[in-house]
file entry-v5.txt (compact mmCIF, C-alpha atoms)
# COMPACT_ATOMS: atom_id res chain seq x y z
CA MET A 1 -31.31 30.08 -10.83
CA GLN A 2 -27.82 29.69 -12.29
CA MET A 3 -25.99 27.08 -10.23
CA PRO A 4 -22.18 27.26 -9.91
CA THR A 5 -19.77 24.99 -11.75
CA LEU A 6 -16.93 25.41 -9.26
CA GLN A 7 -16.73 26.49 -5.65
CA SER A 8 -14.17 27.05 -2.91
CA PHE A 9 -14.08 25.79 0.65
CA ALA A 10 -10.87 27.65 1.48
CA ASP A 11 -12.47 29.43 4.45
CA ASN A 12 -14.21 26.36 5.88
CA GLY A 13 -11.96 25.72 8.85
CA ASP A 14 -8.19 25.64 9.24
CA LYS A 15 -5.75 23.39 7.44
CA ALA A 16 -5.35 20.01 9.17
CA ALA A 17 -2.02 19.06 10.67
CA GLY A 18 0.06 17.36 7.99
CA THR A 19 1.24 13.77 8.20
CA PHE A 20 4.70 15.03 7.30
CA SER A 21 6.50 18.36 7.53
CA LYS A 22 6.20 21.20 5.05
CA ARG A 23 9.84 20.55 4.17
CA GLU A 24 8.99 16.95 3.25
CA PHE A 25 6.23 17.96 0.85
CA ASN A 26 8.35 20.73 -0.64
CA SER A 27 11.00 18.11 -1.34
CA ARG A 28 8.49 15.83 -3.06
CA HIS A 29 7.17 18.67 -5.18
CA ALA A 30 10.69 19.75 -6.11
CA ALA A 31 11.58 16.22 -7.22
CA ILE A 32 8.61 15.82 -9.54
CA ARG A 33 9.12 19.32 -10.92
CA ALA A 34 12.76 18.52 -11.67
CA TYR A 35 11.60 15.52 -13.71
CA MET A 36 8.98 17.67 -15.43
CA SER A 37 11.70 20.12 -16.46
CA THR A 38 13.84 17.40 -18.03
CA GLN A 39 10.85 16.18 -20.07
CA GLN A 40 9.46 19.64 -20.97
CA ILE A 41 6.22 18.83 -19.12
CA ASP A 42 4.25 21.96 -18.22
CA ALA A 43 2.01 20.34 -15.60
CA VAL A 44 0.99 16.93 -14.29
CA LEU A 45 -2.52 15.67 -13.62
CA PHE A 46 -2.44 12.94 -10.98
CA SER A 47 -5.65 10.93 -10.62
CA SER A 48 -4.64 7.92 -8.51
CA TYR A 49 -5.15 7.48 -4.79
CA HIS A 50 -1.46 6.90 -4.19
CA ASN A 51 0.02 9.85 -6.07
CA ILE A 52 -2.56 12.35 -4.83
CA CYS A 53 -1.90 11.13 -1.30
CA TYR A 54 1.88 11.18 -1.76
CA TYR A 55 2.03 14.71 -3.14
CA ALA A 56 -0.92 16.31 -1.32
CA ASP A 57 -1.55 14.32 1.90
CA PHE A 58 -5.17 13.88 0.78
CA LEU A 59 -6.72 10.43 0.41
CA TYR A 60 -9.98 10.71 -1.48
CA CYS A 61 -13.13 8.57 -1.44
CA TYR A 62 -13.96 7.82 -5.09
CA PHE A 63 -17.65 6.82 -4.92
CA GLY A 64 -18.15 7.33 -8.67
CA ARG A 65 -16.56 10.78 -8.86
CA ASN A 66 -13.24 11.94 -10.30
CA TYR A 67 -10.45 13.48 -8.25
CA ALA A 68 -7.15 15.00 -9.27
CA LEU A 69 -4.03 16.80 -8.20
CA VAL A 70 -2.54 19.28 -10.64
CA ILE A 71 1.09 20.24 -10.13
CA ASP A 72 2.67 22.83 -12.37
CA HIS A 73 5.95 24.65 -11.85
CA ASP A 74 4.41 27.06 -9.35
CA ASN A 75 1.27 25.56 -7.81
CA VAL A 76 -0.14 22.41 -6.24
CA THR A 77 -3.95 22.14 -6.39
CA SER A 78 -6.31 19.27 -5.61
CA VAL A 79 -9.59 18.89 -7.47
CA SER A 80 -12.42 17.36 -5.45
CA ALA A 81 -16.15 16.72 -5.64
CA GLY A 82 -18.60 18.94 -3.80
CA ILE A 83 -19.92 15.99 -1.80
CA ASP A 84 -16.78 16.15 0.36
CA GLY A 85 -17.20 19.75 1.43
CA GLY A 86 -14.09 21.33 2.90
CA GLN A 87 -12.29 18.15 3.94
CA PRO A 88 -10.15 17.94 0.76
CA TRP A 89 -9.05 21.57 1.16
CA ARG A 90 -8.20 21.05 4.83
CA ARG A 91 -6.11 17.97 4.06
CA THR A 92 -4.36 19.14 0.86
CA ARG A 93 -0.81 20.41 1.14
CA GLY A 94 -1.61 23.14 -1.37
CA ASP A 95 -4.75 24.69 -2.82
CA ASN A 96 -8.07 23.10 -3.73
CA ILE A 97 -10.83 23.56 -6.28
CA THR A 98 -14.20 21.89 -5.74
CA TYR A 99 -16.50 21.09 -8.64
CA THR A 100 -20.25 20.72 -8.26
CA ASP A 101 -22.70 18.16 -9.61
CA TRP A 102 -24.98 20.79 -11.11
CA HIS A 103 -23.63 20.25 -14.63
CA LYS A 104 -22.20 17.17 -16.34
CA ASP A 105 -18.39 16.88 -16.39
CA ASN A 106 -17.73 19.93 -14.21
CA TYR A 107 -14.56 18.06 -13.24
CA PHE A 108 -13.07 19.03 -16.60
CA CYS A 109 -13.96 22.68 -16.04
CA ALA A 110 -11.77 22.59 -12.93
CA ILE A 111 -8.93 20.94 -14.84
CA LYS A 112 -9.24 23.52 -17.59
CA GLN A 113 -8.87 26.34 -15.09
CA LEU A 114 -5.65 24.79 -13.80
CA THR A 115 -4.03 23.98 -17.15
CA LYS A 116 -4.18 27.28 -19.03
CA ASN A 117 -1.29 27.56 -21.54
CA VAL A 118 -0.25 23.94 -20.89
CA LYS A 119 1.08 22.22 -24.01
CA ARG A 120 2.41 18.97 -22.49
CA LEU A 121 0.46 17.41 -19.63
CA GLY A 122 1.65 14.42 -17.63
CA ILE A 123 -1.04 11.88 -16.76
CA GLU A 124 -0.99 8.40 -15.24
CA PHE A 125 -1.44 5.99 -18.13
CA ASP A 126 -1.89 3.10 -15.70
CA HIS A 127 -4.78 4.85 -13.94
CA CYS A 128 -6.55 6.54 -16.85
CA THR A 129 -9.41 4.53 -18.35
CA LEU A 130 -10.17 4.65 -22.06
CA ASP A 131 -13.31 6.63 -21.27
CA GLN A 132 -11.37 9.13 -19.18
CA LEU A 133 -8.67 9.51 -21.81
CA SER A 134 -11.30 10.10 -24.49
CA LYS A 135 -12.90 12.84 -22.41
CA LEU A 136 -9.52 14.45 -21.74
CA LYS A 137 -8.72 14.51 -25.45
CA GLN A 138 -12.12 16.04 -26.23
CA ALA A 139 -11.76 18.67 -23.51
CA PHE A 140 -8.13 19.52 -24.36
CA PRO A 141 -7.55 18.93 -28.09
CA ALA A 142 -4.41 21.11 -28.16
CA ILE A 143 -2.65 19.35 -25.26
CA GLU A 144 -0.18 16.49 -25.67
CA PHE A 145 -0.58 13.82 -22.99
CA VAL A 146 2.52 12.01 -21.74
CA ASP A 147 2.91 9.26 -19.16
CA ILE A 148 4.04 10.32 -15.69
CA ALA A 149 3.15 7.14 -13.77
CA SER A 150 6.42 5.26 -14.09
CA ALA A 151 8.58 8.25 -13.21
CA ALA A 152 6.45 9.09 -10.18
CA MET A 153 6.67 5.48 -9.00
CA GLY A 154 10.44 5.59 -9.24
CA LEU A 155 10.52 8.68 -7.03
CA ARG A 156 8.23 7.07 -4.45
CA MET A 157 10.36 3.92 -4.22
CA ILE A 158 13.11 5.70 -2.27
CA LYS A 159 11.76 6.68 1.14
CA SER A 160 12.76 9.80 3.02
CA ALA A 161 13.81 9.77 6.66
CA GLU A 162 10.34 11.05 7.64
CA GLU A 163 8.64 8.29 5.68
CA ILE A 164 10.80 5.60 7.24
CA ALA A 165 10.06 6.97 10.71
CA HIS A 166 6.33 6.90 9.89
CA ILE A 167 6.52 3.30 8.61
CA LYS A 168 8.42 2.20 11.74
CA LYS A 169 5.67 3.58 13.96
CA MET A 170 3.13 1.71 11.88
CA THR A 171 4.93 -1.62 12.18
CA ARG A 172 4.62 -1.21 15.94
CA ILE A 173 0.86 -0.92 15.45
CA ALA A 174 0.89 -4.09 13.33
CA ASP A 175 2.73 -5.90 16.11
CA ILE A 176 -0.01 -4.77 18.51
CA GLY A 177 -2.60 -6.17 16.13
CA GLY A 178 -0.73 -9.47 15.97
CA ALA A 179 -0.71 -9.76 19.74
CA ALA A 180 -4.47 -9.07 19.76
CA CYS A 181 -4.99 -11.87 17.24
CA VAL A 182 -3.09 -14.34 19.39
CA GLU A 183 -5.02 -13.17 22.44
CA ALA A 184 -8.40 -13.78 20.76
CA ALA A 185 -7.62 -16.89 18.69
CA LYS A 186 -8.84 -19.95 20.53
CA VAL A 187 -10.48 -23.20 19.55
CA GLY A 188 -14.21 -22.54 19.22
CA VAL A 189 -13.80 -18.85 18.29
CA SER A 190 -14.69 -17.67 14.77
CA GLU A 191 -12.27 -16.04 12.34
CA VAL A 192 -14.36 -12.87 12.27
CA GLU A 193 -14.27 -12.40 16.05
CA VAL A 194 -10.48 -12.67 16.03
CA ALA A 195 -10.25 -10.17 13.17
CA LEU A 196 -12.63 -7.69 14.80
CA HIS A 197 -10.64 -7.74 18.03
CA SER A 198 -7.36 -7.18 16.20
CA THR A 199 -8.69 -4.38 14.01
CA ALA A 200 -10.31 -2.51 16.91
CA THR A 201 -7.11 -2.78 18.92
CA MET A 202 -5.04 -1.35 16.06
CA VAL A 203 -7.47 1.50 15.37
CA ARG A 204 -7.39 2.55 19.02
CA ALA A 205 -3.58 2.45 18.98
CA ILE A 206 -3.49 4.55 15.79
CA ALA A 207 -5.85 7.14 17.29
CA LYS A 208 -3.58 7.42 20.32
CA THR A 209 -0.36 7.60 18.30
CA TRP A 210 -1.64 10.04 15.65
CA PRO A 211 -4.32 12.16 17.39
CA ASN A 212 -5.00 14.29 14.30
CA THR A 213 -5.11 11.58 11.65
CA GLU A 214 -8.14 10.34 9.77
CA LEU A 215 -9.10 6.83 10.87
CA LEU A 216 -9.95 4.62 7.91
CA ASP A 217 -9.15 1.37 6.16
CA THR A 218 -7.23 -0.51 8.87
CA TRP A 219 -8.19 -4.17 8.62
CA THR A 220 -7.31 -7.75 9.59
CA TRP A 221 -7.55 -11.02 7.73
CA PHE A 222 -7.53 -14.03 10.02
CA GLN A 223 -7.90 -17.36 8.23
CA SER A 224 -8.09 -20.96 9.43
CA GLY A 225 -7.85 -24.40 7.88
CA LEU A 226 -8.61 -24.49 4.16
CA ASN A 227 -9.13 -20.71 4.17
CA THR A 228 -5.36 -20.21 4.56
CA ASP A 229 -4.63 -21.39 1.01
CA GLY A 230 -4.72 -17.86 -0.42
CA ALA A 231 -2.85 -14.82 0.85
CA HIS A 232 -5.86 -12.50 0.46
CA ASN A 233 -8.77 -14.77 1.36
CA PRO A 234 -11.51 -12.81 3.16
CA VAL A 235 -12.46 -13.40 6.77
CA THR A 236 -15.37 -15.80 7.33
CA SER A 237 -17.43 -17.00 10.29
CA LYS A 238 -15.61 -20.36 10.28
CA ILE A 239 -14.92 -21.66 13.79
CA ILE A 240 -11.33 -22.48 14.71
CA ALA A 241 -10.88 -26.21 15.30
CA ALA A 242 -8.13 -27.98 17.21
CA GLY A 243 -5.17 -28.66 14.94
CA ASP A 244 -6.15 -25.97 12.41
CA ILE A 245 -3.43 -24.14 10.56
CA LEU A 246 -4.03 -20.40 11.06
CA SER A 247 -2.94 -17.31 9.15
CA LEU A 248 -2.64 -13.92 10.84
CA ASN A 249 -2.66 -10.82 8.60
CA CYS A 250 -2.71 -7.37 10.27
CA PHE A 251 -2.86 -4.24 8.12
CA PRO A 252 -2.86 -0.84 9.85
CA MET A 253 -3.49 2.12 7.52
CA VAL A 254 -2.36 5.63 8.40
CA ALA A 255 -2.59 8.55 5.95
CA GLY A 256 -2.53 6.31 2.87
CA TYR A 257 0.40 4.23 4.12
CA TYR A 258 -0.15 0.63 5.05
CA VAL A 259 2.12 -1.99 6.56
CA ALA A 260 1.61 -5.69 7.08
CA LEU A 261 2.29 -8.35 9.67
CA GLU A 262 1.63 -11.91 8.55
CA ARG A 263 2.30 -15.11 10.47
CA THR A 264 1.59 -18.84 10.40
CA LEU A 265 0.09 -20.28 13.59
CA PHE A 266 -1.43 -23.58 14.70
CA ALA A 267 -4.32 -24.16 17.07
CA GLY A 268 -3.28 -26.47 19.91
CA HIS A 269 -0.97 -28.90 18.16
CA VAL A 270 0.99 -29.53 14.98
CA THR A 271 1.78 -32.76 13.08
CA ASP A 272 5.27 -33.79 12.09
CA GLU A 273 4.63 -32.92 8.44
CA GLN A 274 3.14 -29.56 9.31
CA LEU A 275 6.14 -28.81 11.50
CA ARG A 276 8.54 -29.78 8.70
CA LEU A 277 6.83 -27.54 6.17
CA TRP A 278 6.60 -24.65 8.61
CA GLU A 279 10.27 -24.86 9.51
CA ILE A 280 11.29 -24.95 5.84
CA ASN A 281 9.25 -21.83 5.16
CA VAL A 282 10.89 -20.12 8.13
CA LEU A 283 14.27 -21.12 6.68
CA VAL A 284 13.38 -19.49 3.35
CA HIS A 285 12.09 -16.44 5.20
CA GLU A 286 15.34 -15.97 7.09
CA ARG A 287 17.48 -16.54 4.03
CA GLY A 288 15.38 -13.98 2.19
CA GLN A 289 15.90 -11.41 4.92
CA ALA A 290 19.66 -11.84 4.62
CA LEU A 291 19.48 -11.20 0.87
CA LEU A 292 17.70 -7.84 1.24
CA VAL A 293 20.81 -5.67 1.00
CA ALA A 294 21.87 -2.84 -1.27
CA GLY A 295 23.28 -4.03 -4.60
CA ASN A 296 21.19 -7.20 -4.83
CA LYS A 297 18.77 -7.50 -7.72
CA CYS A 298 15.12 -8.40 -7.05
CA SER A 299 15.08 -11.11 -9.72
CA GLU A 300 18.26 -12.74 -8.40
CA ILE A 301 16.84 -12.83 -4.87
CA ALA A 302 13.73 -14.59 -6.17
CA LYS A 303 15.81 -17.11 -8.11
CA GLU A 304 17.97 -17.96 -5.10
CA LEU A 305 14.94 -18.51 -2.89
CA ASN A 306 13.35 -20.61 -5.64
CA GLN A 307 16.40 -22.84 -5.55
CA LEU A 308 16.10 -23.22 -1.79
CA TYR A 309 12.46 -24.32 -2.09
CA ALA A 310 13.45 -26.67 -4.91
CA GLU A 311 16.00 -28.41 -2.68
CA TYR A 312 13.08 -29.48 -0.49
CA ASP A 313 10.83 -30.29 -3.48
CA LEU A 314 8.44 -27.49 -2.52
CA LEU A 315 8.94 -24.96 -5.32
CA GLN A 316 5.77 -26.11 -7.09
CA TYR A 317 3.77 -25.00 -4.03
CA ARG A 318 5.07 -21.42 -4.00
CA SER A 319 2.19 -19.12 -4.89
CA PHE A 320 3.50 -15.58 -5.58
CA GLY A 321 6.51 -13.26 -5.34
CA TYR A 322 8.66 -13.01 -2.24
CA GLY A 323 7.91 -9.42 -1.26
CA HIS A 324 7.33 -5.86 -2.41
CA SER A 325 7.89 -2.21 -1.67
CA PHE A 326 6.06 -0.47 1.16
CA GLY A 327 4.96 3.15 1.25
CA VAL A 328 1.82 4.85 -0.05
CA LEU A 329 -0.24 1.82 -1.01
CA GLY A 330 -3.27 -0.14 0.03
CA HIS A 331 -5.45 -3.12 -0.78
CA TYR A 332 -7.67 -1.11 -3.12
CA TYR A 333 -5.11 0.98 -4.95
CA GLY A 334 -1.75 0.64 -6.58
CA ARG A 335 1.66 -0.19 -5.27
CA GLU A 336 5.20 0.31 -6.51
CA ALA A 337 5.29 -2.52 -9.05
CA GLY A 338 8.86 -1.65 -10.00
CA LEU A 339 10.08 -2.97 -6.66
CA GLU A 340 8.85 -6.53 -6.26
CA LEU A 341 10.83 -9.65 -5.43
CA ARG A 342 9.89 -11.52 -8.59
CA GLU A 343 11.80 -13.25 -11.35
CA ASP A 344 10.75 -10.59 -13.86
CA CYS A 345 11.80 -7.54 -11.81
CA ASP A 346 15.43 -6.48 -12.28
CA THR A 347 15.41 -3.49 -9.92
CA VAL A 348 18.57 -3.24 -7.81
CA LEU A 349 18.07 -2.56 -4.11
CA VAL A 350 19.43 0.75 -2.79
CA PRO A 351 19.41 2.40 0.64
CA GLY A 352 16.08 4.02 1.47
CA MET A 353 13.93 1.30 -0.05
CA VAL A 354 11.45 -0.44 2.29
CA VAL A 355 10.74 -4.02 1.27
CA SER A 356 8.90 -7.02 2.70
CA MET A 357 10.12 -10.58 2.84
CA GLU A 358 7.06 -12.85 2.68
CA PRO A 359 7.59 -16.37 1.35
CA MET A 360 4.47 -18.53 1.09
CA ILE A 361 3.76 -22.09 0.09
CA THR A 362 0.29 -23.59 -0.30
CA ILE A 363 -0.01 -27.34 0.18
CA PRO A 364 -3.17 -28.72 -1.51
CA ASN A 365 -5.93 -30.01 0.70
CA HIS A 366 -5.46 -33.68 -0.29
CA LEU A 367 -1.83 -33.79 0.90
CA PRO A 368 -0.40 -34.14 4.42
CA GLY A 369 0.29 -30.76 6.03
CA ALA A 370 -2.31 -29.01 3.84
CA GLY A 371 -2.68 -25.25 4.13
CA GLY A 372 -0.93 -21.96 3.48
CA TYR A 373 2.36 -21.21 5.27
CA ARG A 374 3.40 -17.57 5.26
CA GLU A 375 5.70 -15.27 7.22
CA HIS A 376 6.11 -11.54 6.60
CA ASP A 377 8.62 -9.00 7.90
CA ILE A 378 9.35 -5.46 6.67
CA LEU A 379 12.94 -4.36 6.21
CA VAL A 380 14.58 -1.00 5.48
CA ILE A 381 17.53 -1.20 3.10
CA THR A 382 20.52 0.66 4.59
CA ALA A 383 24.08 1.39 3.52
CA GLN A 384 25.24 -1.24 6.02
CA GLY A 385 22.71 -3.94 5.08
CA ASN A 386 19.14 -3.80 6.35
CA GLU A 387 17.04 -3.09 9.41
CA ASN A 388 14.17 -5.43 10.21
CA ILE A 389 11.49 -3.19 11.71
CA THR A 390 9.02 -6.02 12.42
CA GLU A 391 9.41 -7.32 15.97
CA PHE A 392 6.56 -9.83 16.28
CA PRO A 393 7.94 -13.38 16.71
CA TYR A 394 7.43 -16.17 14.20
CA GLY A 395 7.83 -19.92 13.99
CA PRO A 396 6.87 -23.04 15.97
CA GLU A 397 8.63 -21.92 19.14
CA HIS A 398 6.22 -18.99 19.51
CA LEU A 399 3.01 -19.56 17.59
CA ILE A 400 1.47 -22.89 18.52
CA ILE A 401 -1.34 -21.32 20.48
CA GLY A 402 -3.69 -22.84 23.05

call {"tool": "encode", "arguments": {"input": "entry-v5.txt", "output": "structure tokens"}}
result
Amino acid sequence: MQMPTLQSFADNGDKAAGTFSKREFNSRHAAIRAYMSTQQIDAVLFSSYHNICYYADFLYCYFGRNYALVIDHDNVTSVSAGIDGGQPWRRTRGDNITYTDWHKDNYFCAIKQLTKNVKRLGIEFDHCTLDQLSKLKQAFPAIEFVDIASAAMGLRMIKSAEEIAHIKKMTRIADIGGAACVEAAKVGVSEVEVALHSTATMVRAIAKTWPNTELLDTWTWFQSGLNTDGAHNPVTSKIIAAGDILSLNCFPMVAGYYVALERTLFAGHVTDEQLRLWEINVLVHERGQALLVAGNKCSEIAKELNQLYAEYDLLQYRSFGYGHSFGVLGHYYGREAGLELREDCDTVLVPGMVVSMEPMITIPNHLPGAGGYREHDILVITAQGNENITEFPYGPEHLIIG
């Protein structure tokens, strides 16, 4: 029996309701096509989670198989593995081709069908492995491959009105998760029980707010004591002890977009040195918020906040940049690296960008006040300044919990 190389699931149910309007996706497609025209690019082959999600509203599950989105000047088509059935077609804002596992590298047969007469093909250099690039060159010896990743990132960095509205709704979910953390966090309770309660609360709120969305990847990190020294330390079964420094990190995920709420807390009581360090970090946090306005350069913001830490002899305890862009991103795939509040990023803020302010210092375990102090708000850059869309309170007045 001759088994098929490609198949279609176009009749397997109706298209799912989109996260955004048809007008929104048409605008995104028009923008990337305009760039393609200026660079004489015939088609682009997106392979990353974030770009496929951004341009097609489809978030794939890799599991050892290749996925793609091919955009030419007329069509938008996702390429998915047969294991996913009709779900990719139902989610894609465009067409879909499914390749089967019956023959090796059927993925490239699908790409070949979508790139007939293409001479210049845009691919994501930052997402294409050496093995993948070698296979592309073997399969398409007459095609010139050019980088599309940086240009696509630049387009994603400026959010539309629909995106900003979506992100605002998500920050409300993060605030709900934060309240659930505070509700569950008590001396004698484990980190994992706090995190489970927060995550379940957020998932239920997401399901209620977006009845048609796929529910995946929302998570919480809740750390205590020594475990707070890193921003991304996993949850453990450690039991919260009286006097522990605590770190709350809530991350709702909706349609490939994630937001964050991060707060410093203390269990029961706080020492004078802990209070001093916490209040200094809050001071840096608030100064940083004020600097997030159109016209300011990311690197200059970082340098000014560095100086503020240095005035308190704490700069050596700062552990990473002061914030980054929010949009289509997640903990397991890329983010908009061109918009980060770091000394080596010279991007100028403009209206429509969505940026976090998240200063953190880590005091080593052998020093008074040991632990990681971190606050995190999300702000929308506007023509008038900024809008802080995080409402959950922070600081000693609110988060010394019983």

call {"tool": "axis_aligned_box", "arguments": {"input": "entry-v5.txt", "around": "stretch 27-31 of chain A", "padding_each_side": "3 Å", "output": "lines of an AutoDock Vina configuration file"}}
result
center_x = 9.4
center_y = 17.8
center_z = -4.3
size_x = 10.4
size_y = 9.9
size_z = 11.9

call {"tool": "closest_residue", "arguments": {"input": "entry-v5.txt", "among": "A:Arg28, A:Arg23, A:Lys15, A:Lys112", "to": "A:Leu136", "atoms": "all atoms listed in the file"}}
result
A:Lys112

call {"tool": "residues_near_point", "arguments": {"input": "entry-v5.txt", "point": "(-3.6, -28.2, 3.3)", "cutoff": "9 Å", "atoms": "only C-alpha atoms", "output": "number ranges by chain"}}
result
A: 225-226, 228-229, 245, 362-372

call {"tool": "closest_residue", "arguments": {"input": "entry-v5.txt", "among": "A:Gln7, A:Thr19, A:Ser325, A:Gln223", "to": "A:Trp102", "atoms": "all atoms listed in the file"}}
result
A:Gln7

call {"tool": "atom_distance", "arguments": {"input": "entry-v5.txt", "atom1": "atom CA of A:Leu315", "atom2": "atom CA of A:Cys298"}}
result
17.8 Å

call {"tool": "decode", "arguments": {"input": "entry-v5.txt", "residues": "stretch 14-32 of chain A", "atoms": "N, CA, C and O atoms", "output": "PDB file, in the first residue's frame"}}
result
ATOM      1  N   ASP A  14     -14.880  23.104  12.063  1.00  0.00           N
ATOM      2  CA  ASP A  14     -14.851  24.506  11.646  1.00  0.00           C
ATOM      3  C   ASP A  14     -13.631  25.207  12.225  1.00  0.00           C
ATOM      4  O   ASP A  14     -13.042  24.757  13.213  1.00  0.00           O
ATOM      5  N   LYS A  15     -13.266  26.316  11.616  1.00  0.00           N
ATOM      6  CA  LYS A  15     -12.182  27.124  12.146  1.00  0.00           C
ATOM      7  C   LYS A  15     -12.524  27.589  13.567  1.00  0.00           C
ATOM      8  O   LYS A  15     -13.656  27.972  13.863  1.00  0.00           O
ATOM      9  N   ALA A  16     -11.535  27.567  14.461  1.00  0.00           N
ATOM     10  CA  ALA A  16     -11.735  28.054  15.823  1.00  0.00           C
ATOM     11  C   ALA A  16     -11.837  29.576  15.819  1.00  0.00           C
ATOM     12  O   ALA A  16     -11.336  30.249  14.913  1.00  0.00           O
ATOM     13  N   ALA A  17     -12.494  30.098  16.826  1.00  0.00           N
ATOM     14  CA  ALA A  17     -12.547  31.548  16.973  1.00  0.00           C
ATOM     15  C   ALA A  17     -11.140  32.081  17.192  1.00  0.00           C
ATOM     16  O   ALA A  17     -10.366  31.537  17.983  1.00  0.00           O
ATOM     17  N   GLY A  18     -10.786  33.146  16.485  1.00  0.00           N
ATOM     18  CA  GLY A  18      -9.443  33.698  16.587  1.00  0.00           C
ATOM     19  C   GLY A  18      -9.235  34.478  17.871  1.00  0.00           C
ATOM     20  O   GLY A  18     -10.172  35.026  18.444  1.00  0.00           O
ATOM     21  N   THR A  19      -7.990  34.521  18.315  1.00  0.00           N
ATOM     22  CA  THR A  19      -7.649  35.348  19.476  1.00  0.00           C
ATOM     23  C   THR A  19      -7.857  36.814  19.160  1.00  0.00           C
ATOM     24  O   THR A  19      -8.290  37.599  20.016  1.00  0.00           O
ATOM     25  N   PHE A  20      -7.548  37.190  17.924  1.00  0.00           N
ATOM     26  CA  PHE A  20      -7.707  38.565  17.464  1.00  0.00           C
ATOM     27  C   PHE A  20      -8.579  38.581  16.210  1.00  0.00           C
ATOM     28  O   PHE A  20      -8.908  37.543  15.644  1.00  0.00           O
ATOM     29  N   SER A  21      -8.926  39.769  15.773  1.00  0.00           N
ATOM     30  CA  SER A  21      -9.818  39.918  14.622  1.00  0.00           C
ATOM     31  C   SER A  21      -9.112  39.583  13.311  1.00  0.00           C
ATOM     32  O   SER A  21      -7.873  39.561  13.235  1.00  0.00           O
ATOM     33  N   LYS A  22      -9.904  39.344  12.285  1.00  0.00           N
ATOM     34  CA  LYS A  22      -9.351  39.122  10.955  1.00  0.00           C
ATOM     35  C   LYS A  22      -8.577  40.347  10.497  1.00  0.00           C
ATOM     36  O   LYS A  22      -7.511  40.232   9.870  1.00  0.00           O
ATOM     37  N   ARG A  23      -9.062  41.521  10.850  1.00  0.00           N
ATOM     38  CA  ARG A  23      -8.373  42.766  10.491  1.00  0.00           C
ATOM     39  C   ARG A  23      -6.978  42.814  11.114  1.00  0.00           C
ATOM     40  O   ARG A  23      -6.017  43.254  10.476  1.00  0.00           O
ATOM     41  N   GLU A  24      -6.860  42.352  12.361  1.00  0.00           N
ATOM     42  CA  GLU A  24      -5.564  42.348  13.043  1.00  0.00           C
ATOM     43  C   GLU A  24      -4.567  41.459  12.314  1.00  0.00           C
ATOM     44  O   GLU A  24      -3.419  41.857  12.067  1.00  0.00           O
ATOM     45  N   PHE A  25      -4.990  40.248  11.950  1.00  0.00           N
ATOM     46  CA  PHE A  25      -4.061  39.353  11.258  1.00  0.00           C
ATOM     47  C   PHE A  25      -3.752  39.843   9.852  1.00  0.00           C
ATOM     48  O   PHE A  25      -2.610  39.709   9.383  1.00  0.00           O
ATOM     49  N   ASN A  26      -4.718  40.425   9.180  1.00  0.00           N
ATOM     50  CA  ASN A  26      -4.442  41.012   7.870  1.00  0.00           C
ATOM     51  C   ASN A  26      -3.386  42.109   7.972  1.00  0.00           C
ATOM     52  O   ASN A  26      -2.510  42.249   7.101  1.00  0.00           O
ATOM     53  N   SER A  27      -3.454  42.884   9.044  1.00  0.00           N
ATOM     54  CA  SER A  27      -2.475  43.949   9.255  1.00  0.00           C
ATOM     55  C   SER A  27      -1.080  43.376   9.488  1.00  0.00           C
ATOM     56  O   SER A  27      -0.080  43.889   8.963  1.00  0.00           O
ATOM     57  N   ARG A  28      -0.994  42.310  10.274  1.00  0.00           N
ATOM     58  CA  ARG A  28       0.301  41.673  10.513  1.00  0.00           C
ATOM     59  C   ARG A  28       0.886  41.106   9.221  1.00  0.00           C
ATOM     60  O   ARG A  28       2.084  41.253   8.945  1.00  0.00           O
ATOM     61  N   HIS A  29       0.043  40.455   8.438  1.00  0.00           N
ATOM     62  CA  HIS A  29       0.513  39.881   7.179  1.00  0.00           C
ATOM     63  C   HIS A  29       0.951  40.978   6.210  1.00  0.00           C
ATOM     64  O   HIS A  29       1.967  40.836   5.510  1.00  0.00           O
ATOM     65  N   ALA A  30       0.212  42.072   6.185  1.00  0.00           N
ATOM     66  CA  ALA A  30       0.567  43.179   5.290  1.00  0.00           C
ATOM     67  C   ALA A  30       1.913  43.782   5.677  1.00  0.00           C
ATOM     68  O   ALA A  30       2.723  44.147   4.807  1.00  0.00           O
ATOM     69  N   ALA A  31       2.179  43.867   6.980  1.00  0.00           N
ATOM     70  CA  ALA A  31       3.429  44.468   7.440  1.00  0.00           C
ATOM     71  C   ALA A  31       4.635  43.616   7.059  1.00  0.00           C
ATOM     72  O   ALA A  31       5.652  44.136   6.580  1.00  0.00           O
ATOM     73  N   ILE A  32       4.532  42.302   7.234  1.00  0.00           N
ATOM     74  CA  ILE A  32       5.677  41.455   6.885  1.00  0.00           C
ATOM     75  C   ILE A  32       5.836  41.389   5.364  1.00  0.00           C
ATOM     76  O   ILE A  32       6.965  41.344   4.854  1.00  0.00           O
TER      77      ILE A  32
END
